[in-house]
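Reviewing the structure listed below.
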Amino acid sequence: MLYDNILRAKNKGFIISNLNKRIIFLDRDGVINHDYGYVSQIEKFQFIDGVFDACKYFLDLGYEIIVITNQSGIGRGYFSKNDFQDLTNWMINEFKKNNINILKVYHCPHTPDENCDCRKPKIGMIQQSLNDFNIDLQNSWLIGDKKSDIETAINANILNKILISQDKNNSEFPNIASNLIDTINIIKN
Ligand SMILES: [Mg+2]
Ligand SMILES: [Zn+2]
């Protein structure tokens, strides 16, 4: 009887831990692709070198990948929601061609003036992901190239965060990598 209970608890624990996804939350512009400002066209979307290799490595380590991206260009009328969706579908497919599954892409279409709950550094997109998936936030990572990305991690209580920056002397943040492939050295430790 006791043994049964222990076994059941063990199995339950095993199942629960299996359901909890460890996520690498990736900002898009400046992390996945070169940020020329309001990137909205497939022809102008350039993957940064090493992104696919880095993501494959994340998957090998047992992480899944979620993209969270501010896209105020929609709210500003620079491009449409459909343009964004077309680009996103294309991007996801490029990852697929490299055997990389992107679990989900969340975007905030609003301008700063709209004062929404999803524009980073607010945590609406993280909260949405927690509603959609069973996520082990403690063992997840957030990677972005702006202070607002790091603030998002802080606001959402994501302890593991990396700033993509060419300024390695930026002492404000402990974890700095020059690009996504460079983050591997931090994440594998
Ligand atoms: Mg960015
Ligand atoms: Zn928003």
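Note on naming: chains are A, B, ... as they come in the structure tokens, residues start from 1 per chain, ligands start from 1 in the order shown.
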Mind dumping a table of every range 105-163 of chain A residue within 7 Å of range 169-181 of chain A, with the nearest atom pair and its distance in Å to one decimal, using only C-alpha atoms, sorted by chain and rising number, as JSON lines?
{"residue": "A:Lys161", "atom": "CA", "partner": "A:Asn175", "partner_atom": "CA", "distance": 6.9}
{"residue": "A:Ile162", "atom": "CA", "partner": "A:Asn175", "partner_atom": "CA", "distance": 5.0}
{"residue": "A:Leu163", "atom": "CA", "partner": "A:Ile176", "partner_atom": "CA", "distance": 4.9}
For the residues in the current selection, export C-alpha atoms as a PDB file, in the first residue's frame.
ATOM      1  CA  LYS A 161      18.729  36.002 -19.056  1.00  0.00           C
ATOM      2  CA  ILE A 162      21.279  36.977 -21.671  1.00  0.00           C
ATOM      3  CA  LEU A 163      21.800  40.302 -23.394  1.00  0.00           C
TER       4      LEU A 163
END
When the cut-off is 12 Å and you count only C-alpha atoms and all ligand atoms, which residues lie near ligand 1, shown as an mmCIF file with N, CA and C atoms, in the first residue's frame?
data_model
loop_
_atom_site.group_PDB
_atom_site.id
_atom_site.type_symbol
_atom_site.label_atom_id
_atom_site.label_comp_id
_atom_site.auth_asym_id
_atom_site.auth_seq_id
_atom_site.Cartn_x
_atom_site.Cartn_y
_atom_site.Cartn_z
ATOM 1 N N LEU A 26 13.158 33.792 -27.133
ATOM 2 C CA LEU A 26 14.015 34.588 -28.000
ATOM 3 C C LEU A 26 13.291 35.844 -28.464
ATOM 4 N N ASP A 27 13.940 36.984 -28.294
ATOM 5 C CA ASP A 27 13.533 38.177 -29.016
ATOM 6 C C ASP A 27 13.800 37.904 -30.503
ATOM 7 N N ARG A 28 13.145 38.633 -31.397
ATOM 8 C CA ARG A 28 13.385 38.375 -32.825
ATOM 9 C C ARG A 28 14.439 39.316 -33.414
ATOM 10 N N ASP A 29 14.065 40.586 -33.589
ATOM 11 C CA ASP A 29 14.960 41.528 -34.280
ATOM 12 C C ASP A 29 16.227 41.780 -33.464
ATOM 13 N N GLY A 30 17.363 41.521 -34.085
ATOM 14 C CA GLY A 30 18.637 41.716 -33.393
ATOM 15 C C GLY A 30 19.140 40.457 -32.702
ATOM 16 N N VAL A 31 18.302 39.413 -32.700
ATOM 17 C CA VAL A 31 18.698 38.135 -32.101
ATOM 18 C C VAL A 31 18.634 37.032 -33.167
ATOM 19 N N ILE A 32 17.491 36.936 -33.840
ATOM 20 C CA ILE A 32 17.320 35.951 -34.918
ATOM 21 C C ILE A 32 17.761 36.558 -36.251
ATOM 22 N N ASN A 33 17.323 37.796 -36.482
ATOM 23 C CA ASN A 33 17.636 38.479 -37.746
ATOM 24 C C ASN A 33 18.272 39.835 -37.470
ATOM 25 N N HIS A 34 19.004 40.305 -38.466
ATOM 26 C CA HIS A 34 19.598 41.647 -38.366
ATOM 27 C C HIS A 34 18.483 42.681 -38.252
ATOM 28 N N ASP A 35 18.660 43.592 -37.321
ATOM 29 C CA ASP A 35 17.619 44.589 -37.041
ATOM 30 C C ASP A 35 17.921 45.875 -37.802
ATOM 31 N N TYR A 36 17.233 46.024 -38.933
ATOM 32 C CA TYR A 36 17.378 47.267 -39.692
ATOM 33 C C TYR A 36 16.271 48.251 -39.320
ATOM 34 N N GLY A 37 15.459 47.885 -38.374
ATOM 35 C CA GLY A 37 14.324 48.720 -37.991
ATOM 36 C C GLY A 37 13.087 48.330 -38.773
ATOM 37 N N TYR A 38 12.059 47.918 -38.064
ATOM 38 C CA TYR A 38 10.764 47.568 -38.664
ATOM 39 C C TYR A 38 10.907 46.604 -39.842
ATOM 40 N N VAL A 39 11.590 45.514 -39.598
ATOM 41 C CA VAL A 39 11.743 44.488 -40.638
ATOM 42 C C VAL A 39 10.389 43.823 -40.879
ATOM 43 N N VAL A 67 9.346 32.546 -29.502
ATOM 44 C CA VAL A 67 9.766 33.901 -29.894
ATOM 45 C C VAL A 67 8.778 34.908 -29.319
ATOM 46 N N ILE A 68 9.312 35.944 -28.679
ATOM 47 C CA ILE A 68 8.456 37.040 -28.189
ATOM 48 C C ILE A 68 8.996 38.339 -28.783
ATOM 49 N N THR A 69 8.141 39.036 -29.537
ATOM 50 C CA THR A 69 8.656 40.171 -30.297
ATOM 51 C C THR A 69 7.708 41.368 -30.292
ATOM 52 N N ASN A 70 8.264 42.536 -29.973
ATOM 53 C CA ASN A 70 7.505 43.786 -30.094
ATOM 54 C C ASN A 70 7.443 44.167 -31.569
ATOM 55 N N GLN A 71 6.262 44.379 -32.094
ATOM 56 C CA GLN A 71 6.106 44.751 -33.504
ATOM 57 C C GLN A 71 5.203 45.972 -33.615
ATOM 58 N N LYS A 120 6.895 44.501 -24.451
ATOM 59 C CA LYS A 120 8.023 44.390 -23.530
ATOM 60 C C LYS A 120 8.505 45.792 -23.155
ATOM 61 N N PRO A 121 8.838 46.087 -21.928
ATOM 62 C CA PRO A 121 9.187 45.155 -20.833
ATOM 63 C C PRO A 121 8.010 44.618 -20.027
ATOM 64 N N LEU A 142 15.735 33.748 -21.144
ATOM 65 C CA LEU A 142 15.269 34.801 -22.051
ATOM 66 C C LEU A 142 16.497 35.478 -22.669
ATOM 67 N N ILE A 143 16.473 35.597 -23.982
ATOM 68 C CA ILE A 143 17.600 36.190 -24.701
ATOM 69 C C ILE A 143 17.095 37.343 -25.568
ATOM 70 N N GLY A 144 17.664 38.524 -25.372
ATOM 71 C CA GLY A 144 17.257 39.674 -26.169
ATOM 72 C C GLY A 144 18.396 40.659 -26.323
ATOM 73 N N ASP A 145 18.206 41.634 -27.198
ATOM 74 C CA ASP A 145 19.292 42.576 -27.464
ATOM 75 C C ASP A 145 19.002 43.978 -26.930
ATOM 76 N N LYS A 146 17.930 44.115 -26.168
ATOM 77 C CA LYS A 146 17.619 45.435 -25.617
ATOM 78 C C LYS A 146 17.429 45.343 -24.109
ATOM 79 N N LYS A 147 17.609 46.492 -23.489
ATOM 80 C CA LYS A 147 17.386 46.580 -22.056
ATOM 81 C C LYS A 147 15.954 46.143 -21.714
ATOM 82 N N SER A 148 15.022 46.483 -22.591
ATOM 83 C CA SER A 148 13.621 46.128 -22.331
ATOM 84 C C SER A 148 13.413 44.611 -22.319
ATOM 85 N N ASP A 149 14.249 43.884 -23.063
ATOM 86 C CA ASP A 149 14.160 42.411 -23.017
ATOM 87 C C ASP A 149 14.588 41.898 -21.640
ATOM 88 N N ILE A 150 15.712 42.448 -21.178
ATOM 89 C CA ILE A 150 16.223 42.025 -19.874
ATOM 90 C C ILE A 150 15.226 42.408 -18.778
ATOM 91 N N LEU A 163 21.875 39.151 -22.500
ATOM 92 C CA LEU A 163 21.800 40.302 -23.394
ATOM 93 C C LEU A 163 22.742 40.072 -24.572
ATOM 94 N N ILE A 164 22.189 40.170 -25.774
ATOM 95 C CA ILE A 164 23.038 40.138 -26.967
ATOM 96 C C ILE A 164 23.557 41.558 -27.185
ATOM 97 N N SER A 165 24.874 41.711 -27.123
ATOM 98 C CA SER A 165 25.451 43.047 -27.244
ATOM 99 C C SER A 165 26.883 42.934 -27.726
ATOM 100 N N ASN A 179 26.369 37.149 -29.931
ATOM 101 C CA ASN A 179 25.318 36.660 -30.827
ATOM 102 C C ASN A 179 24.746 35.373 -30.241
#
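Selecting all polymer residues at most 8 Å from ligand 2, using only C-alpha atoms and all ligand atoms, gives Asn70, His107, Cys108, Pro109, His110, Thr111, Glu114, Asn115, Cys116, Asp117, Cys118, Arg119, Lys120 and Gly124 of chain A.
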>> Please list as a list in words every residue within 6 Å of Arg22 in chain A, counting only C-alpha atoms and excluding residues in the same chain fewer than 2 positions away.
In response: Tyr63, Asp136, Asn139 and Ser140 of chain A
Export of the given selection (N, CA and C atoms) as an mmCIF file, in the first residue's frame:
data_model
loop_
_atom_site.group_PDB
_atom_site.id
_atom_site.type_symbol
_atom_site.label_atom_id
_atom_site.label_comp_id
_atom_site.auth_asym_id
_atom_site.auth_seq_id
_atom_site.Cartn_x
_atom_site.Cartn_y
_atom_site.Cartn_z
ATOM 1 N N TYR A 63 15.624 22.029 -24.500
ATOM 2 C CA TYR A 63 14.809 23.252 -24.470
ATOM 3 C C TYR A 63 13.880 23.292 -25.675
ATOM 4 N N ASP A 136 8.334 25.416 -17.273
ATOM 5 C CA ASP A 136 9.205 25.477 -16.106
ATOM 6 C C ASP A 136 10.028 26.765 -16.210
ATOM 7 N N ASN A 139 13.707 27.221 -14.968
ATOM 8 C CA ASN A 139 14.801 26.651 -15.747
ATOM 9 C C ASN A 139 14.741 27.063 -17.216
ATOM 10 N N SER A 140 14.054 28.163 -17.461
ATOM 11 C CA SER A 140 13.993 28.708 -18.813
ATOM 12 C C SER A 140 14.946 29.901 -18.936
#
> Given the choices A:Cys55, A:Ile123, A:Ile42, A:Val105, which gets closest to Asp86 in chain A if the distance is worked out from only C-alpha atoms?
Replying inline: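 Residue with the minimum atom-to-atom distance to Asp86 in chain A: A:Ile42.
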> Distance CA of Asp182 in chain A-CA of Leu59 in chain A, one decimal place?
Replying inline: 15.7 Å
> Using the chain letters and numbers from this document, which residues of chain A does DSSP assign to strand (DSSP E or B), as an MDAnalysis selection string?
Replying inline: chainID A and resid 21:26 29 33 47 63:70 102:108 135 141:144 160:164 176:177
> What is the CA of Ile100 in chain A to CA of Ile66 in chain A distance in Å?
Replying inline: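 Separation of CA of Ile100 in chain A and CA of Ile66 in chain A: 11.5 Å.
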Which residues of range 48-70 of chain A sit at most 9 Å from range 87-98 of chain A, using only C-alpha atoms? Give each one's shortest atom pair and distance in Å (one decimal place), in chain and ascending residue order, as a tab-separated table.
residue	atom	partner	partner_atom	distance
A:Phe52	CA	A:Asn98	CA	6.8
A:Asp53	CA	A:Asn98	CA	8.8
A:Cys55	CA	A:Phe95	CA	8.9
A:Lys56	CA	A:Asn98	CA	8.3
Atoms to include: N, CA and C atoms. Write the selected residues as a tab-separated table (two decimals), in the first residue's frame.
chain	number	residue	atom	x	y	z
A	52	PHE	N	20.71	29.05	-36.61
A	52	PHE	CA	20.18	27.69	-36.72
A	52	PHE	C	21.00	26.72	-35.87
A	53	ASP	N	22.31	26.85	-35.92
A	53	ASP	CA	23.17	25.97	-35.12
A	53	ASP	C	22.88	26.15	-33.63
A	55	CYS	N	20.11	27.22	-32.24
A	55	CYS	CA	18.78	26.69	-31.89
A	55	CYS	C	18.78	25.16	-31.86
A	56	LYS	N	19.53	24.54	-32.79
A	56	LYS	CA	19.63	23.08	-32.77
A	56	LYS	C	20.25	22.62	-31.45
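For the atom pair formed by CA of Gln46 in chain A and CA of Asn99 in chain A, the distance is 18.4 Å, given to one decimal.
Shortest atom-to-atom contact with Gly75 in chain A among A:Ile187, A:Asp113, A:Phe58, A:Phe25: A:Asp113, counting only C-alpha atoms.
Minimum atom-to-atom distance to Ile126 in chain A, evaluated using only C-alpha atoms, belongs to A:Ile24 out of A:Ile24, A:Glu43, A:Ile102, A:Asp49.
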> If you run DSSP on the backbone, which residues of range 61-109 of chain A are alpha helix (DSSP H), as a PyMOL selection string?
Replying inline: chain A and resi 72-75+81-97
Generate the output file for the selected residues, N, CA and C atoms, as a PDB file, in the first residue's frame.
ATOM      1  N   SER A  72       5.689  47.080 -33.063  1.00  0.00           N
ATOM      2  CA  SER A  72       4.874  48.293 -33.069  1.00  0.00           C
ATOM      3  C   SER A  72       4.698  48.854 -34.476  1.00  0.00           C
ATOM      4  N   GLY A  73       5.491  48.357 -35.437  1.00  0.00           N
ATOM      5  CA  GLY A  73       5.304  48.755 -36.828  1.00  0.00           C
ATOM      6  C   GLY A  73       3.886  48.496 -37.304  1.00  0.00           C
ATOM      7  N   ILE A  74       3.230  47.505 -36.710  1.00  0.00           N
ATOM      8  CA  ILE A  74       1.820  47.223 -37.045  1.00  0.00           C
ATOM      9  C   ILE A  74       0.948  48.376 -36.552  1.00  0.00           C
ATOM     10  N   GLY A  75       1.103  48.717 -35.277  1.00  0.00           N
ATOM     11  CA  GLY A  75       0.311  49.792 -34.689  1.00  0.00           C
ATOM     12  C   GLY A  75       0.594  51.148 -35.309  1.00  0.00           C
ATOM     13  N   LYS A  81      -0.842  43.499 -40.126  1.00  0.00           N
ATOM     14  CA  LYS A  81      -0.788  42.257 -39.370  1.00  0.00           C
ATOM     15  C   LYS A  81      -0.572  41.074 -40.311  1.00  0.00           C
ATOM     16  N   ASN A  82      -1.174  41.152 -41.497  1.00  0.00           N
ATOM     17  CA  ASN A  82      -0.990  40.091 -42.491  1.00  0.00           C
ATOM     18  C   ASN A  82       0.452  40.011 -42.968  1.00  0.00           C
ATOM     19  N   ASP A  83       1.070  41.179 -43.182  1.00  0.00           N
ATOM     20  CA  ASP A  83       2.492  41.192 -43.568  1.00  0.00           C
ATOM     21  C   ASP A  83       3.320  40.469 -42.507  1.00  0.00           C
ATOM     22  N   PHE A  84       3.022  40.815 -41.246  1.00  0.00           N
ATOM     23  CA  PHE A  84       3.768  40.194 -40.151  1.00  0.00           C
ATOM     24  C   PHE A  84       3.552  38.685 -40.146  1.00  0.00           C
ATOM     25  N   GLN A  85       2.295  38.268 -40.338  1.00  0.00           N
ATOM     26  CA  GLN A  85       1.981  36.842 -40.293  1.00  0.00           C
ATOM     27  C   GLN A  85       2.654  36.091 -41.436  1.00  0.00           C
ATOM     28  N   ASP A  86       2.652  36.704 -42.628  1.00  0.00           N
ATOM     29  CA  ASP A  86       3.324  36.074 -43.774  1.00  0.00           C
ATOM     30  C   ASP A  86       4.809  35.887 -43.489  1.00  0.00           C
ATOM     31  N   LEU A  87       5.429  36.930 -42.949  1.00  0.00           N
ATOM     32  CA  LEU A  87       6.858  36.861 -42.636  1.00  0.00           C
ATOM     33  C   LEU A  87       7.116  35.801 -41.556  1.00  0.00           C
ATOM     34  N   THR A  88       6.235  35.763 -40.575  1.00  0.00           N
ATOM     35  CA  THR A  88       6.395  34.797 -39.484  1.00  0.00           C
ATOM     36  C   THR A  88       6.273  33.363 -40.003  1.00  0.00           C
ATOM     37  N   ASN A  89       5.268  33.128 -40.852  1.00  0.00           N
ATOM     38  CA  ASN A  89       5.101  31.777 -41.414  1.00  0.00           C
ATOM     39  C   ASN A  89       6.337  31.367 -42.211  1.00  0.00           C
ATOM     40  N   TRP A  90       6.862  32.315 -42.982  1.00  0.00           N
ATOM     41  CA  TRP A  90       8.070  32.045 -43.771  1.00  0.00           C
ATOM     42  C   TRP A  90       9.244  31.734 -42.845  1.00  0.00           C
ATOM     43  N   MET A  91       9.393  32.551 -41.795  1.00  0.00           N
ATOM     44  CA  MET A  91      10.499  32.361 -40.848  1.00  0.00           C
ATOM     45  C   MET A  91      10.420  30.986 -40.179  1.00  0.00           C
ATOM     46  N   ILE A  92       9.220  30.633 -39.728  1.00  0.00           N
ATOM     47  CA  ILE A  92       9.035  29.339 -39.063  1.00  0.00           C
ATOM     48  C   ILE A  92       9.408  28.208 -40.012  1.00  0.00           C
ATOM     49  N   ASN A  93       9.055  28.393 -41.282  1.00  0.00           N
ATOM     50  CA  ASN A  93       9.360  27.368 -42.284  1.00  0.00           C
ATOM     51  C   ASN A  93      10.867  27.259 -42.548  1.00  0.00           C
ATOM     52  N   GLU A  94      11.565  28.376 -42.512  1.00  0.00           N
ATOM     53  CA  GLU A  94      13.025  28.342 -42.664  1.00  0.00           C
ATOM     54  C   GLU A  94      13.657  27.574 -41.504  1.00  0.00           C
ATOM     55  N   PHE A  95      13.122  27.788 -40.304  1.00  0.00           N
ATOM     56  CA  PHE A  95      13.602  27.003 -39.157  1.00  0.00           C
ATOM     57  C   PHE A  95      13.319  25.518 -39.383  1.00  0.00           C
ATOM     58  N   LYS A  96      12.105  25.238 -39.879  1.00  0.00           N
ATOM     59  CA  LYS A  96      11.709  23.833 -40.126  1.00  0.00           C
ATOM     60  C   LYS A  96      12.658  23.149 -41.095  1.00  0.00           C
ATOM     61  N   LYS A  97      13.051  23.894 -42.138  1.00  0.00           N
ATOM     62  CA  LYS A  97      13.981  23.335 -43.129  1.00  0.00           C
ATOM     63  C   LYS A  97      15.286  22.922 -42.465  1.00  0.00           C
TER      64      LYS A  97
END
